[in-house]
Amino acid sequence: MATIQTPEEIMTLLERLTGQQIAAVQVLGINSLKTFSPPPEALVGEEVTVVGVLDRTVRIDTTSHVISFDLQRTGRVVPLENAEAYTPAAGVNRPTVRLLMADGSGVDLSEPARTKRITVTITSRSA
């Protein structure tokens, strides 16, 4: 079993997202998305302005939205150098969430069990 990532380790993996543009957000865990408005598609083209981690919760602020990922107990952040949209493939574990950036990089939020517990909340920023 993989070790649990500390908030400091998670922050180190996510810092590189600041200033980058979001190309896509794929929520692949069927029960993971906890909000429906705005939809993940609303994040396309948004610039990441701030990234933060508190305990096991990741917050990503963009120009117009706030995305919150609760990693629960076993969720992990996995950086991707050459990221593509997830497509099912034999022998490959499905991430719960895949965040794709315009520069071709990305991040998977994954967990070891089949039951997906990572949650995703998207809210609009107050004007």
# chains A, B, ... in the order shown; residues from 1 in each chain; ligands from 1
>>> residues_around(residues="segment 77-94 of chain A", least_positions_apart="6", cutoff="12 Å", atoms="only C-alpha atoms", output="JSON list (two decimals) with N, CA and C atoms, in the first residue's frame")
[["chain", "number", "residue", "atom", "x", "y", "z"],
["A", 2, "ALA", "N", 0.53, 2.24, -0.79],
["A", 2, "ALA", "CA", 1.29, 3.47, -0.89],
["A", 2, "ALA", "C", 1.13, 4.30, 0.38],
["A", 3, "THR", "N", 2.15, 5.07, 0.69],
["A", 3, "THR", "CA", 2.08, 5.93, 1.86],
["A", 3, "THR", "C", 1.14, 7.10, 1.59],
["A", 4, "ILE", "N", 0.58, 7.64, 2.66],
["A", 4, "ILE", "CA", -0.31, 8.78, 2.56],
["A", 4, "ILE", "C", 0.53, 10.03, 2.32],
["A", 5, "GLN", "N", 0.17, 10.83, 1.33],
["A", 5, "GLN", "CA", 0.90, 12.07, 1.06],
["A", 5, "GLN", "C", 0.56, 13.12, 2.12],
["A", 6, "THR", "N", 1.57, 13.83, 2.55],
["A", 6, "THR", "CA", 1.35, 14.93, 3.51],
["A", 6, "THR", "C", 0.86, 16.16, 2.75],
["A", 7, "PRO", "N", 0.24, 17.10, 3.46],
["A", 7, "PRO", "CA", -0.16, 18.34, 2.79],
["A", 7, "PRO", "C", 1.02, 19.05, 2.13],
["A", 8, "GLU", "N", 2.19, 18.99, 2.73],
["A", 8, "GLU", "CA", 3.38, 19.62, 2.15],
["A", 8, "GLU", "C", 3.77, 18.94, 0.83],
["A", 9, "GLU", "N", 3.72, 17.61, 0.81],
["A", 9, "GLU", "CA", 4.04, 16.88, -0.43],
["A", 9, "GLU", "C", 3.03, 17.21, -1.53],
["A", 10, "ILE", "N", 1.76, 17.26, -1.16],
["A", 10, "ILE", "CA", 0.71, 17.57, -2.12],
["A", 10, "ILE", "C", 0.93, 18.97, -2.69],
["A", 11, "MET", "N", 1.23, 19.93, -1.81],
["A", 11, "MET", "CA", 1.44, 21.31, -2.24],
["A", 11, "MET", "C", 2.61, 21.40, -3.22],
["A", 12, "THR", "N", 3.68, 20.68, -2.94],
["A", 12, "THR", "CA", 4.84, 20.67, -3.83],
["A", 12, "THR", "C", 4.46, 20.17, -5.22],
["A", 13, "LEU", "N", 3.59, 19.18, -5.30],
["A", 13, "LEU", "CA", 3.18, 18.62, -6.59],
["A", 13, "LEU", "C", 2.24, 19.56, -7.35],
["A", 14, "LEU", "N", 1.50, 20.40, -6.61],
["A", 14, "LEU", "CA", 0.50, 21.26, -7.25],
["A", 14, "LEU", "C", 0.97, 22.68, -7.54],
["A", 15, "GLU", "N", 2.05, 23.12, -6.93],
["A", 15, "GLU", "CA", 2.52, 24.50, -7.10],
["A", 15, "GLU", "C", 2.72, 24.88, -8.56],
["A", 16, "ARG", "N", 3.15, 23.93, -9.37],
["A", 16, "ARG", "CA", 3.44, 24.21, -10.78],
["A", 16, "ARG", "C", 2.20, 24.56, -11.60],
["A", 17, "LEU", "N", 1.01, 24.34, -11.03],
["A", 17, "LEU", "CA", -0.22, 24.67, -11.75],
["A", 17, "LEU", "C", -0.50, 26.17, -11.77],
["A", 23, "ALA", "N", -7.16, 23.05, -19.48],
["A", 23, "ALA", "CA", -7.65, 22.56, -20.78],
["A", 23, "ALA", "C", -8.90, 21.69, -20.59],
["A", 24, "ALA", "N", -8.96, 20.94, -19.49],
["A", 24, "ALA", "CA", -10.13, 20.08, -19.22],
["A", 24, "ALA", "C", -10.08, 19.57, -17.80],
["A", 25, "VAL", "N", -11.25, 19.28, -17.26],
["A", 25, "VAL", "CA", -11.37, 18.60, -15.97],
["A", 25, "VAL", "C", -12.28, 17.40, -16.21],
["A", 26, "GLN", "N", -11.72, 16.21, -16.03],
["A", 26, "GLN", "CA", -12.50, 14.98, -16.18],
["A", 26, "GLN", "C", -12.79, 14.42, -14.79],
["A", 27, "VAL", "N", -14.05, 14.38, -14.42],
["A", 27, "VAL", "CA", -14.45, 13.75, -13.16],
["A", 27, "VAL", "C", -14.93, 12.35, -13.53],
["A", 28, "LEU", "N", -14.10, 11.35, -13.22],
["A", 28, "LEU", "CA", -14.34, 9.98, -13.67],
["A", 28, "LEU", "C", -14.98, 9.10, -12.60],
["A", 29, "GLY", "N", -14.97, 9.55, -11.36],
["A", 29, "GLY", "CA", -15.66, 8.84, -10.29],
["A", 29, "GLY", "C", -17.13, 9.21, -10.34],
["A", 30, "ILE", "N", -17.99, 8.25, -10.53],
["A", 30, "ILE", "CA", -19.41, 8.52, -10.80],
["A", 30, "ILE", "C", -20.09, 9.32, -9.69],
["A", 53, "VAL", "N", -3.53, 23.78, 0.10],
["A", 53, "VAL", "CA", -3.85, 22.48, 0.67],
["A", 53, "VAL", "C", -4.06, 22.67, 2.17],
["A", 56, "ARG", "N", -6.35, 17.31, 4.02],
["A", 56, "ARG", "CA", -6.42, 16.47, 2.81],
["A", 56, "ARG", "C", -7.32, 17.11, 1.76],
["A", 57, "THR", "N", -7.56, 18.40, 1.89],
["A", 57, "THR", "CA", -8.41, 19.10, 0.93],
["A", 57, "THR", "C", -7.56, 20.05, 0.09],
["A", 58, "VAL", "N", -7.69, 19.92, -1.22],
["A", 58, "VAL", "CA", -6.97, 20.76, -2.18],
["A", 58, "VAL", "C", -7.94, 21.82, -2.68],
["A", 69, "PHE", "N", -11.08, 19.75, -3.94],
["A", 69, "PHE", "CA", -10.97, 18.30, -4.01],
["A", 69, "PHE", "C", -10.69, 17.77, -2.61],
["A", 70, "ASP", "N", -11.59, 16.96, -2.09],
["A", 70, "ASP", "CA", -11.34, 16.33, -0.79],
["A", 70, "ASP", "C", -10.77, 14.95, -1.07],
["A", 71, "LEU", "N", -9.49, 14.76, -0.72],
["A", 71, "LEU", "CA", -8.80, 13.51, -1.01],
["A", 71, "LEU", "C", -9.17, 12.38, -0.05],
["A", 100, "LEU", "N", -6.36, 18.45, -16.82],
["A", 100, "LEU", "CA", -5.47, 18.63, -17.96],
["A", 100, "LEU", "C", -5.18, 20.12, -18.13],
["A", 101, "MET", "N", -3.91, 20.44, -18.34],
["A", 101, "MET", "CA", -3.49, 21.83, -18.51],
["A", 101, "MET", "C", -3.17, 22.09, -19.98],
["A", 102, "ALA", "N", -3.25, 23.35, -20.38],
["A", 102, "ALA", "CA", -3.04, 23.74, -21.78],
["A", 102, "ALA", "C", -1.62, 23.45, -22.26],
["A", 103, "ASP", "N", -0.65, 23.38, -21.34],
["A", 103, "ASP", "CA", 0.74, 23.11, -21.75],
["A", 103, "ASP", "C", 1.02, 21.63, -21.97],
["A", 104, "GLY", "N", -0.01, 20.78, -21.82],
["A", 104, "GLY", "CA", 0.16, 19.35, -22.03],
["A", 104, "GLY", "C", 0.42, 18.55, -20.77],
["A", 105, "SER", "N", 0.63, 19.23, -19.65],
["A", 105, "SER", "CA", 0.82, 18.52, -18.38],
["A", 105, "SER", "C", -0.55, 18.27, -17.75],
["A", 106, "GLY", "N", -0.53, 17.64, -16.60],
["A", 106, "GLY", "CA", -1.78, 17.38, -15.91],
["A", 106, "GLY", "C", -1.56, 16.79, -14.54],
["A", 107, "VAL", "N", -2.66, 16.48, -13.88],
["A", 107, "VAL", "CA", -2.63, 15.89, -12.55],
["A", 107, "VAL", "C", -3.77, 14.89, -12.46],
["A", 108, "ASP", "N", -3.46, 13.72, -11.94],
["A", 108, "ASP", "CA", -4.50, 12.75, -11.60],
["A", 108, "ASP", "C", -4.72, 12.79, -10.11],
["A", 109, "LEU", "N", -5.95, 12.68, -9.70],
["A", 109, "LEU", "CA", -6.30, 12.44, -8.31],
["A", 109, "LEU", "C", -6.83, 11.01, -8.29],
["A", 110, "SER", "N", -6.11, 10.15, -7.61],
["A", 110, "SER", "CA", -6.45, 8.74, -7.67],
["A", 110, "SER", "C", -6.50, 8.15, -6.27],
["A", 111, "GLU", "N", -7.08, 6.98, -6.19],
["A", 111, "GLU", "CA", -7.18, 6.26, -4.93],
["A", 111, "GLU", "C", -7.11, 4.77, -5.22],
["A", 112, "PRO", "N", -6.60, 4.00, -4.25],
["A", 112, "PRO", "CA", -6.33, 2.59, -4.51],
["A", 112, "PRO", "C", -7.57, 1.70, -4.62],
["A", 113, "ALA", "N", -8.65, 2.05, -3.98],
["A", 113, "ALA", "CA", -9.83, 1.19, -3.95],
["A", 113, "ALA", "C", -10.74, 1.43, -5.15],
["A", 114, "ARG", "N", -11.59, 0.49, -5.42],
["A", 114, "ARG", "CA", -12.58, 0.66, -6.50],
["A", 114, "ARG", "C", -13.64, 1.68, -6.11],
["A", 115, "THR", "N", -13.97, 1.74, -4.83],
["A", 115, "THR", "CA", -14.93, 2.72, -4.34],
["A", 115, "THR", "C", -14.27, 4.08, -4.34],
["A", 116, "LYS", "N", -14.82, 5.01, -5.10],
["A", 116, "LYS", "CA", -14.24, 6.34, -5.23],
["A", 116, "LYS", "C", -14.81, 7.27, -4.17],
["A", 118, "ILE", "N", -12.99, 10.36, -3.28],
["A", 118, "ILE", "CA", -12.56, 11.74, -3.52],
["A", 118, "ILE", "C", -13.79, 12.53, -4.00]]
>>> residues_around(residues="Thr121 of chain A", least_positions_apart="2", cutoff="6 Å", atoms="only C-alpha atoms", output="ChimeraX atom specification")
/A:34-35,67-68
>>> write_last_selection(atoms="N, CA, C and O atoms", output="PDB file, in the first residue's frame")
ATOM      1  N   LYS A  34     -19.861  16.795  -6.667  1.00  0.00           N
ATOM      2  CA  LYS A  34     -20.892  17.149  -5.695  1.00  0.00           C
ATOM      3  C   LYS A  34     -21.656  18.406  -6.064  1.00  0.00           C
ATOM      4  O   LYS A  34     -22.572  18.800  -5.350  1.00  0.00           O
ATOM      5  N   THR A  35     -21.290  19.067  -7.153  1.00  0.00           N
ATOM      6  CA  THR A  35     -22.022  20.237  -7.645  1.00  0.00           C
ATOM      7  C   THR A  35     -22.270  20.064  -9.138  1.00  0.00           C
ATOM      8  O   THR A  35     -21.496  19.415  -9.827  1.00  0.00           O
ATOM      9  N   ILE A  67     -12.227  25.429  -7.159  1.00  0.00           N
ATOM     10  CA  ILE A  67     -12.397  23.976  -7.235  1.00  0.00           C
ATOM     11  C   ILE A  67     -11.846  23.400  -5.946  1.00  0.00           C
ATOM     12  O   ILE A  67     -10.732  23.734  -5.531  1.00  0.00           O
ATOM     13  N   SER A  68     -12.614  22.540  -5.302  1.00  0.00           N
ATOM     14  CA  SER A  68     -12.171  21.902  -4.070  1.00  0.00           C
ATOM     15  C   SER A  68     -12.211  20.390  -4.255  1.00  0.00           C
ATOM     16  O   SER A  68     -13.218  19.841  -4.707  1.00  0.00           O
TER      17      SER A  68
END
>>> closest_residue(among="A:Val51, A:Ile122, A:Leu43, A:Val97", to="Gln21 of chain A", atoms="only C-alpha atoms")
A:Leu43
>>> residues_around(residues="Thr62 of chain A", least_positions_apart="4", cutoff="8 Å", atoms="only C-alpha atoms", output="ChimeraX atom specification")
/A:46-50,66
>>> atom_distance(atom1="atom CA of Thr18 of chain A", atom2="atom CA of Arg98 of chain A")
16.5 Å
>>> atom_distance(atom1="atom CA of Ile22 of chain A", atom2="atom CA of Arg73 of chain A")
26.2 Å
>>> select_by_dssp(residues="segment 13-101 of chain A", states="strand (DSSP E or B)", output="PyMOL selection string")
chain A and resi 21-27+33+47-54+57-62+65-70+76-80+97-101
>>> decode(residues="segment 8-127 of chain A", atoms="C-alpha atoms", output="short mmCIF file (atom, residue, chain, number, x, y, z; two decimals), in the first residue's frame")
data_model
loop_
_atom_site.label_atom_id
_atom_site.label_comp_id
_atom_site.auth_asym_id
_atom_site.auth_seq_id
_atom_site.Cartn_x
_atom_site.Cartn_y
_atom_site.Cartn_z
CA GLU A 8 3.38 19.62 2.15
CA GLU A 9 4.04 16.88 -0.43
CA ILE A 10 0.71 17.57 -2.12
CA MET A 11 1.44 21.31 -2.24
CA THR A 12 4.84 20.67 -3.83
CA LEU A 13 3.18 18.62 -6.59
CA LEU A 14 0.50 21.26 -7.25
CA GLU A 15 2.52 24.50 -7.10
CA ARG A 16 3.44 24.21 -10.78
CA LEU A 17 -0.22 24.67 -11.75
CA THR A 18 -0.23 28.34 -10.69
CA GLY A 19 -0.38 30.58 -13.75
CA GLN A 20 -1.35 27.75 -16.08
CA GLN A 21 -4.53 27.49 -18.12
CA ILE A 22 -6.97 24.60 -17.64
CA ALA A 23 -7.65 22.56 -20.78
CA ALA A 24 -10.13 20.08 -19.22
CA VAL A 25 -11.37 18.60 -15.97
CA GLN A 26 -12.50 14.98 -16.18
CA VAL A 27 -14.45 13.75 -13.16
CA LEU A 28 -14.34 9.98 -13.67
CA GLY A 29 -15.66 8.84 -10.29
CA ILE A 30 -19.41 8.52 -10.80
CA ASN A 31 -20.29 9.85 -7.32
CA SER A 32 -17.40 12.30 -6.98
CA LEU A 33 -18.87 15.49 -8.45
CA LYS A 34 -20.89 17.15 -5.70
CA THR A 35 -22.02 20.24 -7.64
CA PHE A 36 -23.66 20.52 -11.04
CA SER A 37 -23.57 24.25 -11.61
CA PRO A 38 -21.15 25.39 -12.79
CA PRO A 39 -20.15 22.22 -14.67
CA PRO A 40 -16.52 21.12 -15.08
CA GLU A 41 -16.63 22.40 -18.68
CA ALA A 42 -16.90 25.97 -17.30
CA LEU A 43 -13.27 25.67 -16.13
CA VAL A 44 -11.84 25.29 -19.64
CA GLY A 45 -9.62 28.27 -20.42
CA GLU A 46 -9.51 29.46 -16.81
CA GLU A 47 -6.11 30.44 -15.39
CA VAL A 48 -5.07 28.94 -12.05
CA THR A 49 -4.39 31.88 -9.72
CA VAL A 50 -3.85 30.15 -6.35
CA VAL A 51 -3.34 26.59 -5.14
CA GLY A 52 -3.68 25.59 -1.49
CA VAL A 53 -3.85 22.48 0.67
CA LEU A 54 -5.46 22.19 4.10
CA ASP A 55 -5.24 18.75 5.67
CA ARG A 56 -6.42 16.47 2.81
CA THR A 57 -8.41 19.10 0.93
CA VAL A 58 -6.97 20.76 -2.18
CA ARG A 59 -8.27 24.16 -3.26
CA ILE A 60 -7.56 25.54 -6.72
CA ASP A 61 -8.66 29.10 -7.43
CA THR A 62 -9.06 30.22 -11.02
CA THR A 63 -10.00 33.54 -12.50
CA SER A 64 -13.74 32.89 -12.03
CA HIS A 65 -14.09 29.67 -10.01
CA VAL A 66 -12.95 27.73 -6.96
CA ILE A 67 -12.40 23.98 -7.24
CA SER A 68 -12.17 21.90 -4.07
CA PHE A 69 -10.97 18.30 -4.01
CA ASP A 70 -11.34 16.33 -0.79
CA LEU A 71 -8.80 13.51 -1.01
CA GLN A 72 -10.33 11.70 1.97
CA ARG A 73 -7.89 9.27 3.63
CA THR A 74 -6.25 7.50 0.71
CA GLY A 75 -6.42 9.89 -2.25
CA ARG A 76 -3.16 10.77 -3.99
CA VAL A 77 -2.00 13.51 -6.30
CA VAL A 78 -0.09 12.13 -9.29
CA PRO A 79 1.62 14.64 -11.61
CA LEU A 80 1.50 13.89 -15.35
CA GLU A 81 4.14 15.34 -17.67
CA ASN A 82 2.39 14.39 -20.92
CA ALA A 83 -1.29 14.22 -20.08
CA GLU A 84 -4.09 13.24 -22.39
CA ALA A 85 -7.79 12.83 -21.82
CA TYR A 86 -8.45 9.58 -19.97
CA THR A 87 -9.76 6.72 -22.07
CA PRO A 88 -10.41 3.25 -20.65
CA ALA A 89 -7.63 0.75 -21.26
CA ALA A 90 -7.14 -2.80 -20.03
CA GLY A 91 -4.86 -3.05 -17.03
CA VAL A 92 -4.86 0.69 -16.32
CA ASN A 93 -6.50 1.98 -13.14
CA ARG A 94 -8.96 4.80 -13.72
CA PRO A 95 -8.20 8.00 -11.79
CA THR A 96 -11.06 9.63 -9.93
CA VAL A 97 -10.26 13.03 -11.46
CA ARG A 98 -7.91 14.12 -14.24
CA LEU A 99 -6.99 17.79 -14.56
CA LEU A 100 -5.47 18.63 -17.96
CA MET A 101 -3.49 21.83 -18.51
CA ALA A 102 -3.04 23.74 -21.78
CA ASP A 103 0.74 23.11 -21.75
CA GLY A 104 0.16 19.35 -22.03
CA SER A 105 0.82 18.52 -18.38
CA GLY A 106 -1.78 17.38 -15.91
CA VAL A 107 -2.63 15.89 -12.55
CA ASP A 108 -4.50 12.75 -11.60
CA LEU A 109 -6.30 12.44 -8.31
CA SER A 110 -6.45 8.74 -7.67
CA GLU A 111 -7.18 6.26 -4.93
CA PRO A 112 -6.33 2.59 -4.51
CA ALA A 113 -9.83 1.19 -3.95
CA ARG A 114 -12.58 0.66 -6.50
CA THR A 115 -14.93 2.72 -4.34
CA LYS A 116 -14.24 6.34 -5.23
CA ARG A 117 -14.37 8.63 -2.22
CA ILE A 118 -12.56 11.74 -3.52
CA THR A 119 -15.10 14.55 -3.88
CA VAL A 120 -15.10 17.51 -6.26
CA THR A 121 -16.91 20.80 -5.65
CA ILE A 122 -16.91 23.68 -8.13
CA THR A 123 -18.21 27.12 -7.21
CA SER A 124 -18.24 30.49 -8.93
CA ARG A 125 -16.11 33.20 -7.34
CA SER A 126 -18.00 36.17 -5.93
CA ALA A 127 -17.67 39.29 -8.04
#
